$ cat input.cif   # mmCIF, C-alpha atoms
data_model
loop_
_atom_site.label_atom_id
_atom_site.label_comp_id
_atom_site.auth_asym_id
_atom_site.auth_seq_id
_atom_site.Cartn_x
_atom_site.Cartn_y
_atom_site.Cartn_z
CA VAL A 4 4.89 -14.63 -9.11
CA THR A 5 7.97 -16.66 -10.05
CA GLY A 6 8.52 -18.65 -6.87
CA THR A 7 7.69 -19.05 -3.18
CA THR A 8 9.81 -19.70 -0.08
CA GLN A 9 8.27 -20.77 3.22
CA ALA A 10 9.84 -19.45 6.42
CA THR A 11 8.83 -19.71 10.08
CA GLY A 12 5.62 -17.72 10.46
CA TYR A 13 5.48 -16.30 6.92
CA ARG A 14 6.17 -17.01 3.28
CA ILE A 15 7.98 -14.98 0.63
CA GLU A 16 6.73 -14.74 -2.94
CA LYS A 17 9.13 -13.63 -5.68
CA VAL A 18 7.23 -11.01 -7.68
CA ILE A 19 7.76 -9.04 -10.88
CA TYR A 20 5.49 -6.07 -11.65
CA HIS A 21 5.81 -3.23 -14.16
CA SER A 22 6.16 0.34 -12.91
CA GLN A 23 5.86 1.68 -16.46
CA PRO A 24 5.23 -0.18 -19.73
CA ASN A 25 7.99 -2.75 -20.34
CA PHE A 26 9.90 -1.56 -17.25
CA PRO A 27 9.83 -4.46 -14.76
CA VAL A 28 10.44 -4.20 -11.02
CA THR A 29 11.74 -7.19 -9.05
CA ALA A 30 10.23 -7.53 -5.58
CA LEU A 31 9.56 -9.84 -2.65
CA LEU A 32 6.12 -10.12 -1.08
CA TYR A 33 6.17 -11.28 2.55
CA LEU A 34 2.85 -12.79 3.74
CA PRO A 35 2.29 -13.85 7.36
CA ASP A 36 0.89 -17.29 8.02
CA ALA A 37 -2.72 -17.45 9.20
CA LYS A 38 -3.06 -17.75 12.97
CA PRO A 39 -4.66 -21.07 14.00
CA GLY A 40 -8.30 -20.51 14.96
CA ALA A 41 -8.26 -16.80 14.06
CA PRO A 42 -11.15 -15.51 11.93
CA PRO A 43 -10.15 -14.62 8.37
CA SER A 44 -9.28 -10.95 7.90
CA LYS A 45 -7.42 -8.79 5.40
CA LEU A 46 -3.85 -7.79 6.21
CA PRO A 47 -2.34 -4.37 6.77
CA ALA A 48 0.54 -3.85 4.34
CA ILE A 49 3.79 -1.92 4.03
CA VAL A 50 5.78 -0.88 0.96
CA VAL A 51 9.48 -1.09 1.86
CA ALA A 52 12.23 0.58 -0.19
CA PRO A 53 15.86 -0.29 0.62
CA GLY A 54 18.74 2.11 1.14
CA HIS A 55 21.71 2.36 -1.18
CA GLY A 56 23.32 -1.03 -1.49
CA PRO A 57 24.10 -3.50 -4.26
CA THR A 58 21.80 -6.20 -2.85
CA GLY A 59 18.69 -4.02 -3.04
CA LYS A 60 15.60 -5.63 -1.53
CA ALA A 61 17.64 -8.40 0.12
CA SER A 62 19.14 -5.80 2.48
CA ASP A 63 15.67 -5.17 3.95
CA PHE A 64 15.12 -8.78 5.00
CA LEU A 65 15.30 -8.01 8.73
CA PHE A 66 12.80 -5.15 8.45
CA ALA A 67 10.45 -7.06 6.17
CA SER A 68 10.53 -10.39 8.02
CA THR A 69 9.95 -8.66 11.36
CA PHE A 70 6.93 -6.84 9.96
CA ALA A 71 5.64 -10.12 8.47
CA ARG A 72 6.01 -12.01 11.76
CA ASN A 73 3.91 -9.26 13.35
CA GLY A 74 1.05 -9.65 10.91
CA PHE A 75 1.89 -7.28 8.03
CA ALA A 76 2.07 -8.04 4.35
CA VAL A 77 5.27 -6.44 3.05
CA LEU A 78 6.25 -5.62 -0.53
CA SER A 79 10.02 -5.05 -0.64
CA TYR A 80 11.30 -4.00 -4.06
CA ASP A 81 14.54 -3.31 -5.92
CA PRO A 82 15.08 0.34 -6.87
CA ILE A 83 16.65 1.16 -10.22
CA GLY A 84 20.32 0.18 -10.24
CA GLN A 85 20.12 -2.17 -7.25
CA GLY A 86 19.56 -5.88 -6.67
CA GLU A 87 18.22 -7.45 -9.86
CA ARG A 88 17.69 -4.11 -11.64
CA LEU A 89 21.16 -3.11 -12.85
CA GLN A 90 20.86 -0.58 -15.67
CA TYR A 91 24.57 -0.66 -16.58
CA PRO A 92 25.56 -4.33 -16.15
CA ASP A 93 29.15 -5.36 -16.67
CA THR A 94 28.85 -8.24 -19.13
CA ALA A 95 32.36 -9.41 -18.26
CA HIS A 96 31.40 -9.72 -14.59
CA PRO A 97 27.79 -10.92 -14.14
CA GLY A 98 25.98 -9.25 -11.25
CA GLN A 99 28.32 -6.25 -11.23
CA SER A 100 27.74 -2.75 -12.54
CA LEU A 101 29.88 -0.65 -14.88
CA ALA A 102 28.83 2.27 -12.68
CA ILE A 103 30.54 0.48 -9.74
CA ARG A 104 27.93 1.22 -7.05
CA PRO A 105 24.23 2.16 -6.71
CA THR A 106 25.00 5.87 -6.40
CA GLY A 107 26.87 5.61 -9.70
CA GLU A 108 23.94 3.78 -11.31
CA HIS A 109 21.55 6.48 -10.10
CA GLY A 110 23.83 9.27 -11.22
CA GLU A 111 24.21 7.83 -14.71
CA ALA A 112 20.48 7.16 -15.00
CA GLY A 113 19.79 10.75 -13.98
CA LEU A 114 21.78 12.37 -16.79
CA GLN A 115 19.55 11.64 -19.78
CA PRO A 116 16.20 12.66 -18.21
CA THR A 117 17.74 15.88 -16.85
CA LEU A 118 18.97 16.88 -20.32
CA ILE A 119 15.42 16.69 -21.72
CA GLY A 120 13.74 18.42 -18.77
CA ASP A 121 12.58 15.23 -17.09
CA ALA A 122 13.66 13.72 -13.78
CA VAL A 123 14.80 10.21 -12.92
CA ALA A 124 12.99 10.69 -9.60
CA ARG A 125 9.78 10.21 -11.59
CA TYR A 126 10.83 6.64 -12.44
CA PHE A 127 11.66 5.93 -8.79
CA ALA A 128 8.33 7.40 -7.67
CA TRP A 129 6.38 5.22 -10.11
CA ASP A 130 8.12 2.13 -8.72
CA GLY A 131 6.47 2.90 -5.38
CA ILE A 132 3.08 3.95 -6.79
CA ARG A 133 2.81 0.75 -8.77
CA ALA A 134 3.88 -1.20 -5.66
CA VAL A 135 0.76 0.20 -3.95
CA ASP A 136 -1.28 -0.81 -7.01
CA TYR A 137 0.06 -4.34 -6.72
CA LEU A 138 -0.73 -4.61 -3.01
CA ILE A 139 -4.28 -3.40 -3.61
CA SER A 140 -4.68 -6.10 -6.27
CA ARG A 141 -3.88 -8.84 -3.75
CA PRO A 142 -6.98 -10.34 -2.10
CA GLU A 143 -5.10 -10.76 1.21
CA VAL A 144 -4.46 -7.00 1.63
CA ASP A 145 -6.70 -4.36 3.21
CA PRO A 146 -6.50 -1.38 0.81
CA ASN A 147 -7.38 1.00 3.66
CA ARG A 148 -4.37 -0.03 5.77
CA ILE A 149 -1.31 0.42 3.55
CA GLY A 150 1.79 2.26 4.75
CA ALA A 151 5.36 2.85 3.58
CA PHE A 152 8.80 2.63 5.17
CA GLY A 153 12.33 3.21 3.93
CA CYS A 154 15.75 4.14 5.27
CA SER A 155 18.49 6.28 3.68
CA GLY A 156 18.04 6.03 -0.11
CA GLY A 157 14.83 4.17 0.70
CA GLY A 158 13.88 7.11 2.89
CA ALA A 159 14.08 9.34 -0.17
CA MET A 160 11.80 6.97 -2.08
CA THR A 161 9.37 6.82 0.84
CA ALA A 162 9.30 10.63 1.09
CA LEU A 163 8.37 10.92 -2.59
CA LEU A 164 5.81 8.13 -2.36
CA GLY A 165 4.27 9.47 0.84
CA GLY A 166 3.83 12.90 -0.68
CA LEU A 167 2.48 11.70 -4.02
CA ASP A 168 0.22 8.74 -3.20
CA PRO A 169 -2.77 9.52 -0.95
CA ARG A 170 -3.60 5.80 -0.69
CA LEU A 171 -0.87 5.47 1.94
CA HIS A 172 -2.32 5.82 5.42
CA ALA A 173 0.95 6.04 7.38
CA ILE A 174 4.52 6.91 6.38
CA ALA A 175 7.86 6.35 8.13
CA THR A 176 10.93 7.93 6.53
CA ALA A 177 14.31 7.14 8.07
CA CYS A 178 17.71 8.83 7.61
CA TYR A 179 16.70 11.14 4.76
CA PHE A 180 15.32 14.41 6.09
CA THR A 181 17.77 17.22 6.69
CA THR A 182 18.15 20.76 5.34
CA PHE A 183 19.90 21.82 2.15
CA ASP A 184 21.90 24.34 4.22
CA THR A 185 23.36 21.35 6.06
CA LEU A 186 23.50 18.85 3.22
CA LEU A 187 25.12 20.82 0.39
CA PRO A 188 28.22 22.07 2.29
CA SER A 189 28.85 18.60 3.78
CA ILE A 190 28.37 15.56 1.51
CA GLY A 191 26.90 17.49 -1.43
CA PRO A 192 23.75 17.07 -3.51
CA GLN A 193 23.82 13.23 -3.60
CA ASP A 194 22.61 11.20 -6.56
CA ALA A 195 19.98 12.25 -9.04
CA GLU A 196 16.81 10.79 -7.55
CA GLN A 197 17.32 12.49 -4.18
CA SER A 198 15.56 15.64 -5.38
CA ILE A 199 13.75 16.96 -8.44
CA PRO A 200 14.71 19.74 -10.91
CA ASN A 201 14.03 23.32 -9.74
CA PHE A 202 13.14 22.09 -6.24
CA ILE A 203 15.40 24.54 -4.39
CA ALA A 204 14.82 27.30 -6.96
CA SER A 205 11.11 27.02 -6.25
CA GLY A 206 11.74 27.69 -2.56
CA LEU A 207 11.06 24.11 -1.50
CA GLY A 208 12.89 22.01 1.07
CA PHE A 209 12.73 18.61 2.75
CA PRO A 210 9.83 19.55 5.09
CA ASP A 211 7.61 20.15 2.07
CA TRP A 212 7.48 16.41 1.37
CA ILE A 213 6.09 15.94 4.88
CA GLU A 214 3.62 18.82 4.54
CA LEU A 215 2.40 17.33 1.26
CA ALA A 216 1.47 14.14 3.15
CA ALA A 217 -0.36 15.95 5.97
CA PRO A 218 -2.51 15.22 7.92
CA ARG A 219 -1.65 11.53 7.63
CA PRO A 220 0.51 10.00 10.41
CA TYR A 221 4.20 10.57 9.61
CA ALA A 222 7.27 9.29 11.45
CA MET A 223 10.61 11.03 10.87
CA VAL A 224 13.24 8.51 11.97
CA GLY A 225 16.85 9.46 12.60
CA THR A 226 19.95 7.66 13.81
CA VAL A 227 23.32 8.79 15.17
#

$ encode --input "input.cif" --output "structure tokens"
Amino acid sequence: VTGTTQATGYRIEKVIYHSQPNFPVTALLYLPDAKPGAPPSKLPAIVVAPGHGPTGKASDFLFASTFARNGFAVLSYDPIGQGERLQYPDTAHPGQSLAIRPTGEHGEAGLQPTLIGDAVARYFAWDGIRAVDYLISRPEVDPNRIGAFGCSGGGAMTALLGGLDPRLHAIATACYFTTFDTLLPSIGPQDAEQSIPNFIASGLGFPDWIELAAPRPYAMVGTV
């Protein structure tokens, strides 16, 4: 924990954890203030992954602060190539990426793993799994009441995390689920972490991420 900011009804801790050895993740932990006179109890918690955007976790402030004001601990983290986790920083322009935007960062980061039969989605998934590990390590958090939420690119991360980590007890994935028959002829395959190698060839589709999480509660959120 590198710093703390107090807000009305909650505080924010600046956190760094490692998703793999020597691979740090920058995050914000939102903790609601104790209610006066209320008996002490452990908090339900939510892992929040942001959508594509250069500010990363900062873009989820409204989601995270609203959850915190309603009694949830929230761990909001920077995905690879966003916020404080630029993989291709432009040394001539601090805070900017040579890959121009997060989708470019993700695309570049996806090339090397793909060439050796790996997948950059594995790195994104471990970010979320280790986020759950971190929440469980906190004495304030109830390990039996941890959920996950993300929108757009964060929806992709939440879909992977919800399918792969059985310690999540509820999942809400926003603006990610579609069908490949719809996606590929329209905006195309998207950046590298949005799927995994041989996914379509194996006969799999977006609903399989949801089926993998069954029978846990699952919200599919869409907007127009």

$ residues_around --input "input.cif" --residues "Asp136 in chain A" --least-positions-apart "2" --cutoff "12 Å" --atoms "only C-alpha atoms" --output "MDAnalysis selection string"
chainID A and resid 20:22 48 50 78 129:134 138:141 144 146 149 168 170:171

$ resolve_selection --input "input.cif" --expression "the PyMOL selection byres ((chain A and resi 227) around 10)" --output "JSON, numbers by chain"
{"A": [178, 225, 226]}

$ closest_atom_pairs --input "input.cif" --of "range 69-163 of chain A" --to "range 216-221 of chain A" --cutoff "12 Å" --atoms "all atoms listed in the file" --output "CSV"
residue,atom,partner,partner_atom,distance
A:Ile149,CA,A:Arg219,CA,11.8
A:Gly150,CA,A:Pro220,CA,9.7
A:Ala151,CA,A:Tyr221,CA,9.9
A:Phe152,CA,A:Tyr221,CA,10.2
A:Thr161,CA,A:Tyr221,CA,10.8
A:Ala162,CA,A:Ala216,CA,8.8
A:Leu163,CA,A:Ala216,CA,9.5

$ write_last_selection --input "input.cif" --atoms "C-alpha atoms" --output "tab-separated table (two decimals), in the coordinates of the input"
chain	number	residue	atom	x	y	z
A	149	ILE	CA	-1.31	0.42	3.55
A	150	GLY	CA	1.79	2.26	4.75
A	151	ALA	CA	5.36	2.85	3.58
A	152	PHE	CA	8.80	2.63	5.17
A	161	THR	CA	9.37	6.82	0.84
A	162	ALA	CA	9.30	10.63	1.09
A	163	LEU	CA	8.37	10.92	-2.59

$ closest_residue --input "input.cif" --among "A:Ala95, A:Ala102, A:Leu46, A:Ala10" --to "Phe64 in chain A" --atoms "all atoms listed in the file"
A:Ala10

$ residues_around --input "input.cif" --residues "Gly158 in chain A" --least-positions-apart "2" --cutoff "6 Å" --atoms "all atoms listed in the file" --output "compact mmCIF listing (two decimals) with C-alpha atoms, in the coordinates of the input"
# COMPACT_ATOMS: atom_id res chain seq x y z
CA GLY A 153 12.33 3.21 3.93
CA CYS A 154 15.75 4.14 5.27
CA SER A 155 18.49 6.28 3.68
CA GLY A 156 18.04 6.03 -0.11
CA MET A 160 11.80 6.97 -2.08
CA THR A 161 9.37 6.82 0.84
CA THR A 176 10.93 7.93 6.53
CA ALA A 177 14.31 7.14 8.07
CA TYR A 179 16.70 11.14 4.76

$ atom_distance --input "input.cif" --atom1 "CA of Asp184 in chain A" --atom2 "CA of Glu111 in chain A"
25.2 Å

$ residues_near_point --input "input.cif" --point "(16.4, 3.0, -11.0)" --cutoff "10 Å" --atoms "all atoms listed in the file" --output "tab-separated table (two decimals) with C-alpha atoms, keeping the file's coordinate frame"
chain	number	residue	atom	x	y	z
A	28	VAL	CA	10.44	-4.20	-11.02
A	81	ASP	CA	14.54	-3.31	-5.92
A	82	PRO	CA	15.08	0.34	-6.87
A	83	ILE	CA	16.65	1.16	-10.22
A	84	GLY	CA	20.32	0.18	-10.24
A	85	GLN	CA	20.12	-2.17	-7.25
A	88	ARG	CA	17.69	-4.11	-11.64
A	89	LEU	CA	21.16	-3.11	-12.85
A	90	GLN	CA	20.86	-0.58	-15.67
A	105	PRO	CA	24.23	2.16	-6.71
A	108	GLU	CA	23.94	3.78	-11.31
A	109	HIS	CA	21.55	6.48	-10.10
A	110	GLY	CA	23.83	9.27	-11.22
A	111	GLU	CA	24.21	7.83	-14.71
A	112	ALA	CA	20.48	7.16	-15.00
A	113	GLY	CA	19.79	10.75	-13.98
A	123	VAL	CA	14.80	10.21	-12.92
A	124	ALA	CA	12.99	10.69	-9.60
A	125	ARG	CA	9.78	10.21	-11.59
A	126	TYR	CA	10.83	6.64	-12.44
A	127	PHE	CA	11.66	5.93	-8.79
A	128	ALA	CA	8.33	7.40	-7.67
A	130	ASP	CA	8.12	2.13	-8.72
A	196	GLU	CA	16.81	10.79	-7.55

$ atom_distance --input "input.cif" --atom1 "CA of Thr69 in chain A" --atom2 "CA of Val224 in chain A"
17.5 Å

$ closest_residue --input "input.cif" --among "A:Val4, A:Leu207, A:Leu101, A:Leu34" --to "Phe70 in chain A" --atoms "only C-alpha atoms"
A:Leu34

$ closest_residue --input "input.cif" --among "A:Ala41, A:Ala71, A:Ala52, A:Leu114" --to "Thr11 in chain A" --atoms "all atoms listed in the file"
A:Ala71

$ atom_distance --input "input.cif" --atom1 "CA of Leu31 in chain A" --atom2 "CA of Gly86 in chain A"
11.5 Å

$ resolve_selection --input "input.cif" --expression "the PyMOL selection byres ((chain A and resi 17) around 12)" --output "number ranges by chain"
A: 4-9, 14-16, 18-20, 28-34, 60-61, 77-81, 87

$ closest_residue --input "input.cif" --among "A:Ser62, A:Glu143, A:Phe75, A:Gly54" --to "Ala159 in chain A" --atoms "only C-alpha atoms"
A:Gly54

$ closest_residue --input "input.cif" --among "A:Asp211, A:Gly157, A:Ala175, A:Pro169" --to "Gln197 in chain A" --atoms "all atoms listed in the file"
A:Gly157

$ build_atoms --input "input.cif" --residues "range 109-133 of chain A" --atoms "N, CA and C atoms" --output "tab-separated table (two decimals), in the coordinates of the input"
chain	number	residue	atom	x	y	z
A	109	HIS	N	22.57	5.43	-10.17
A	109	HIS	CA	21.55	6.48	-10.10
A	109	HIS	C	22.03	7.76	-10.78
A	110	GLY	N	23.30	8.08	-10.59
A	110	GLY	CA	23.83	9.27	-11.22
A	110	GLY	C	23.81	9.18	-12.74
A	111	GLU	N	24.23	8.03	-13.26
A	111	GLU	CA	24.21	7.83	-14.71
A	111	GLU	C	22.78	7.88	-15.25
A	112	ALA	N	21.87	7.20	-14.55
A	112	ALA	CA	20.48	7.16	-15.00
A	112	ALA	C	19.82	8.53	-14.93
A	113	GLY	N	20.36	9.42	-14.11
A	113	GLY	CA	19.79	10.75	-13.98
A	113	GLY	C	20.19	11.72	-15.07
A	114	LEU	N	21.27	11.41	-15.82
A	114	LEU	CA	21.78	12.37	-16.79
A	114	LEU	C	20.82	12.58	-17.95
A	115	GLN	N	20.37	11.51	-18.59
A	115	GLN	CA	19.55	11.64	-19.78
A	115	GLN	C	18.22	12.34	-19.51
A	116	PRO	N	17.46	11.95	-18.48
A	116	PRO	CA	16.20	12.66	-18.21
A	116	PRO	C	16.42	14.15	-17.93
A	117	THR	N	17.48	14.47	-17.18
A	117	THR	CA	17.74	15.88	-16.85
A	117	THR	C	17.96	16.70	-18.11
A	118	LEU	N	18.65	16.14	-19.09
A	118	LEU	CA	18.97	16.88	-20.32
A	118	LEU	C	17.72	17.19	-21.15
A	119	ILE	N	16.65	16.42	-20.96
A	119	ILE	CA	15.42	16.69	-21.72
A	119	ILE	C	14.32	17.28	-20.84
A	120	GLY	N	14.71	17.78	-19.65
A	120	GLY	CA	13.74	18.42	-18.77
A	120	GLY	C	12.89	17.48	-17.95
A	121	ASP	N	13.29	16.23	-17.89
A	121	ASP	CA	12.58	15.23	-17.09
A	121	ASP	C	13.36	15.00	-15.80
A	122	ALA	N	12.96	14.03	-15.02
A	122	ALA	CA	13.66	13.72	-13.78
A	122	ALA	C	13.62	12.22	-13.52
A	123	VAL	N	14.77	11.64	-13.21
A	123	VAL	CA	14.80	10.21	-12.92
A	123	VAL	C	14.00	9.89	-11.66
A	124	ALA	N	13.81	10.90	-10.79
A	124	ALA	CA	12.99	10.69	-9.60
A	124	ALA	C	11.58	10.24	-9.97
A	125	ARG	N	11.11	10.64	-11.15
A	125	ARG	CA	9.78	10.21	-11.59
A	125	ARG	C	9.73	8.70	-11.74
A	126	TYR	N	10.78	8.09	-12.27
A	126	TYR	CA	10.83	6.64	-12.44
A	126	TYR	C	10.84	5.95	-11.07
A	127	PHE	N	11.61	6.50	-10.13
A	127	PHE	CA	11.66	5.93	-8.79
A	127	PHE	C	10.30	6.05	-8.11
A	128	ALA	N	9.63	7.20	-8.29
A	128	ALA	CA	8.33	7.40	-7.67
A	128	ALA	C	7.30	6.41	-8.22
A	129	TRP	N	7.33	6.15	-9.54
A	129	TRP	CA	6.38	5.22	-10.11
A	129	TRP	C	6.62	3.79	-9.63
A	130	ASP	N	7.87	3.45	-9.32
A	130	ASP	CA	8.12	2.13	-8.72
A	130	ASP	C	7.26	1.95	-7.47
A	131	GLY	N	7.23	2.98	-6.62
A	131	GLY	CA	6.47	2.90	-5.38
A	131	GLY	C	4.97	2.96	-5.60
A	132	ILE	N	4.52	3.83	-6.51
A	132	ILE	CA	3.08	3.95	-6.79
A	132	ILE	C	2.52	2.64	-7.31
A	133	ARG	N	3.27	2.02	-8.23
A	133	ARG	CA	2.81	0.75	-8.77
A	133	ARG	C	2.92	-0.39	-7.74
